[in-house]
Amino acid sequence: MGFSRLLVVALLVWVVWSLWRRWRRAGARGDGQVQQAVRIVKCAQCGVYLPEGDARALRDASFECKSHDQTAR
Ligand SMILES: [Zn+2]
């Protein structure tokens, strides 16, 4: 009788452990999606926040709107 109870406890521990592993893997995938998300940068010229893809990188690691390209310089 004691052995069967031990078996049930071991099965329970295994189920919880496998569920926890699946949950952790799903959490890691979520973190990856966060890293792939669009970065928001601030324009050094007018202070507007915009996605990095729509901004232009400047030499001093700052960004500006692409529209400033045509006007100044
Ligand atoms: Zn701007």
# chains A, B, ... in the order shown; residues from 1 in each chain; ligands from 1

call {"tool": "residues_near_ligand", "arguments": {"ligand": "ligand 1", "cutoff": "6 Å", "atoms": "only C-alpha atoms and all ligand atoms", "output": "list of chain:residue names"}}
result
A:Cys43, A:Gln45, A:Cys46, A:Val48, A:Glu64, A:Cys65

call {"tool": "residues_around", "arguments": {"residues": "Ala61 of chain A", "least_positions_apart": "6", "cutoff": "12 Å", "atoms": "only C-alpha atoms", "output": "PyMOL selection string"}}
result
chain A and resi 41-44+52+55

call {"tool": "atom_distance", "arguments": {"atom1": "atom CA of Gly53 of chain A", "atom2": "atom CA of Ser67 of chain A"}}
result
13.1 Å

call {"tool": "atom_distance", "arguments": {"atom1": "atom CA of Pro51 of chain A", "atom2": "atom CA of Arg39 of chain A"}}
result
5.8 Å

call {"tool": "atom_distance", "arguments": {"atom1": "atom CA of Ala37 of chain A", "atom2": "atom CA of Asp54 of chain A"}}
result
14.0 Å
